[in-house]
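Enquirer: Here you go, one structure.
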Amino acid sequence: MSFTAENISKAYGAKRLFEKISFGLNQGQRIGLIARNGAGKTTLLKIVTGEEIPDEGKVTFRNDLQVTYLNQDPKFDPEDTVEEAIYKTNNPILNAVREYDFALEAFEEKVTDKTSTRLEKATEMMNHLEAWQVESKVKEVLERLKIAFLHKKIGMLSGGQKKRVALAKVLIDEPQLLILDEPTNHLDVEMIEWLENYLINKDLTLLLVTHDRYFLDSVCNEIIEIDQKKLFSYKGNFQN
């Protein structure tokens, strides 16, 4: 079991969203969470990720499980460039990819002993960590999500651009458990089709909230629904 949520309750004042609900995800499950607007979908995701505290109940993760969360309203340092924001991570492989990209860029701008040495060391680290496949994946994700503005500051981006940068970041992190809140917002049809295939073909566990029913059906193999403050589970996709 990747994680379990047990007897979770949450209310805001007199408004009770859900009461003593329990569910869990096994490795490889791709679960879609549905409910009417205001029923607590995003709140439940935030409780699972630790951004909010339940009134009662607990969430337990498997030891060393890597979890990444795409918030509807992602937060970045507005002074960071897009490239800096995407590569802010403790992942040593991604750090190696970042250093290689920066070293290559510096070398292409001006060939000196210093830039040559930096690029040589960065290449050695890429070889040591076998990071070339990850570097290729980073380029694919950025290209598919049409993020070509890597040197632009986050504070200068539109809301849609920020959401795409946040989506790229969580995909590049390649967690074992991926939690996505409305990932198709601000994506065009081509991007959505690519994201469907990407999620289906990756060996990951997924908890997803989306209003896009076709996307939900394509990606998820189980549905859970918040209704009347309780949680109901259905095998198969939304249509079935």
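Residue numbers start at 1 in each chain; chains themselves are named A, B, ... in the order of the structure tokens; ligands are numbered from 1 in the order shown.
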So that I can see what lies close to A:Lys235, please list as a list in words the residues with an atom at most 7 Å from it, counting only C-alpha atoms and leaving out residues fewer than 3 positions away in the same chain.

Expert: Asn221, Glu222 and Ile223 of chain A

Enquirer: May I have the residues within 12 Å of A:Arg62 as a VMD selection string, using only C-alpha atoms and disregarding those fewer than 6 positions away in the same chain?

Expert: chain A and resid 1 to 5 24 to 27 176 to 177

Enquirer: Quick one: of A:Ala103, A:Val141, A:Ile21, A:Ile226, who's nearest to A:Val59, counting only C-alpha atoms?

Expert: A:Ile21

Enquirer: Which parts of stretch 64-209 of chain A does DSSP call strand (DSSP E) when run on the backbone here, written out as a list in words?

Expert: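 Strand (DSSP E) members of stretch 64-209 of chain A, listed: Val67, Thr68, Tyr69, Leu70, Leu177, Leu178, Ile179, Leu180, Asp181, Thr205, Leu206, Leu207, Leu208 and Val209 of chain A.
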
Enquirer: Between A:Asp217, A:Asp227, A:Asp73, A:Glu19, which residue has the minimum interatomic distance to A:Asn37, considering only C-alpha atoms?

Expert: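 Among the listed residues, the smallest separation from A:Asn37 belongs to A:Asp227.
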
Enquirer: Between atom CA of A:Ile179 and atom CA of A:Phe232, what is the distance in Å, rounded to a tenth?

Expert: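 Atom CA of A:Ile179 sits 19.0 Å away from atom CA of A:Phe232.
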
Enquirer: Would you work out the distance separating atom CA of A:Asn63 from atom CA of A:Ala96, expressed in Å to one decimal?

Expert: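 Spanning atom CA of A:Asn63 to atom CA of A:Ala96 is a straight-line distance of 25.5 Å.
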
Enquirer: For A:Gln228, please output as an MDAnalysis selection string all residues within 10 Å (counting only C-alpha atoms; exclusion window: fewer than 4 positions along the same chain).

Expert: chainID A and resid 16:19 35 39

Enquirer: Please, could you write that set of residues out with all heavy atoms as a PDB file, in the first residue's frame?

Expert:
```pdb
ATOM      1  N   ARG A  16     -19.643  20.957   6.879  1.00  0.00           N
ATOM      2  CA  ARG A  16     -18.871  19.724   6.969  1.00  0.00           C
ATOM      3  C   ARG A  16     -18.704  19.152   5.562  1.00  0.00           C
ATOM      4  O   ARG A  16     -19.685  18.875   4.876  1.00  0.00           O
ATOM      5  CB  ARG A  16     -19.572  18.707   7.881  1.00  0.00           C
ATOM      6  CG  ARG A  16     -18.787  17.411   8.062  1.00  0.00           C
ATOM      7  CD  ARG A  16     -19.274  16.624   9.257  1.00  0.00           C
ATOM      8  NE  ARG A  16     -18.936  17.294  10.510  1.00  0.00           N
ATOM      9  CZ  ARG A  16     -17.770  17.180  11.123  1.00  0.00           C
ATOM     10  NH1 ARG A  16     -16.809  16.426  10.613  1.00  0.00           N
ATOM     11  NH2 ARG A  16     -17.544  17.808  12.252  1.00  0.00           N
ATOM     12  N   LEU A  17     -17.450  18.962   5.148  1.00  0.00           N
ATOM     13  CA  LEU A  17     -17.170  18.475   3.796  1.00  0.00           C
ATOM     14  C   LEU A  17     -17.280  16.958   3.718  1.00  0.00           C
ATOM     15  O   LEU A  17     -17.897  16.423   2.790  1.00  0.00           O
ATOM     16  CB  LEU A  17     -15.776  18.918   3.351  1.00  0.00           C
ATOM     17  CG  LEU A  17     -15.560  20.427   3.215  1.00  0.00           C
ATOM     18  CD1 LEU A  17     -14.118  20.727   2.836  1.00  0.00           C
ATOM     19  CD2 LEU A  17     -16.515  21.007   2.170  1.00  0.00           C
ATOM     20  N   PHE A  18     -16.627  16.277   4.636  1.00  0.00           N
ATOM     21  CA  PHE A  18     -16.688  14.812   4.660  1.00  0.00           C
ATOM     22  C   PHE A  18     -16.461  14.336   6.076  1.00  0.00           C
ATOM     23  O   PHE A  18     -15.891  15.044   6.911  1.00  0.00           O
ATOM     24  CB  PHE A  18     -15.686  14.174   3.683  1.00  0.00           C
ATOM     25  CG  PHE A  18     -14.390  14.907   3.532  1.00  0.00           C
ATOM     26  CD1 PHE A  18     -13.376  14.766   4.479  1.00  0.00           C
ATOM     27  CD2 PHE A  18     -14.160  15.746   2.454  1.00  0.00           C
ATOM     28  CE1 PHE A  18     -12.170  15.438   4.340  1.00  0.00           C
ATOM     29  CE2 PHE A  18     -12.955  16.423   2.308  1.00  0.00           C
ATOM     30  CZ  PHE A  18     -11.956  16.267   3.253  1.00  0.00           C
ATOM     31  N   GLU A  19     -16.922  13.114   6.330  1.00  0.00           N
ATOM     32  CA  GLU A  19     -16.943  12.608   7.698  1.00  0.00           C
ATOM     33  C   GLU A  19     -16.489  11.150   7.742  1.00  0.00           C
ATOM     34  O   GLU A  19     -17.082  10.283   7.112  1.00  0.00           O
ATOM     35  CB  GLU A  19     -18.355  12.726   8.274  1.00  0.00           C
ATOM     36  CG  GLU A  19     -18.461  12.439   9.747  1.00  0.00           C
ATOM     37  CD  GLU A  19     -19.822  12.837  10.292  1.00  0.00           C
ATOM     38  OE1 GLU A  19     -20.707  13.209   9.498  1.00  0.00           O
ATOM     39  OE2 GLU A  19     -19.983  12.774  11.523  1.00  0.00           O
ATOM     40  N   ALA A  35     -16.497  14.726  -7.429  1.00  0.00           N
ATOM     41  CA  ALA A  35     -17.511  15.232  -6.505  1.00  0.00           C
ATOM     42  C   ALA A  35     -18.069  16.514  -7.120  1.00  0.00           C
ATOM     43  O   ALA A  35     -17.449  17.114  -8.013  1.00  0.00           O
ATOM     44  CB  ALA A  35     -16.936  15.516  -5.130  1.00  0.00           C
ATOM     45  N   ALA A  39     -17.536  20.212  -2.700  1.00  0.00           N
ATOM     46  CA  ALA A  39     -17.683  19.040  -1.831  1.00  0.00           C
ATOM     47  C   ALA A  39     -16.376  18.653  -1.134  1.00  0.00           C
ATOM     48  O   ALA A  39     -16.389  17.800  -0.260  1.00  0.00           O
ATOM     49  CB  ALA A  39     -18.217  17.854  -2.634  1.00  0.00           C
TER      50      ALA A  39
END
```

Enquirer: Need the shell around A:Glu56: protein/DNA/RNA residues with any atom at most 9 Å away, counting only C-alpha atoms. Skip same-chain ones fewer than 5 positions apart. Format as an MDAnalysis selection string?

Expert: chainID A and resid 7:10 19:20

Enquirer: Just the number, please: distance in Å from atom CA of A:Val209 to atom CA of A:Ile53, one decimal.

Expert: 19.4 Å

Enquirer: Between A:Gln161, A:Thr42, A:Gln29, A:Asn185, which has the minimum distance to A:Val82 (counting only C-alpha atoms)?

Expert: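 Nearest to A:Val82: A:Gln161.
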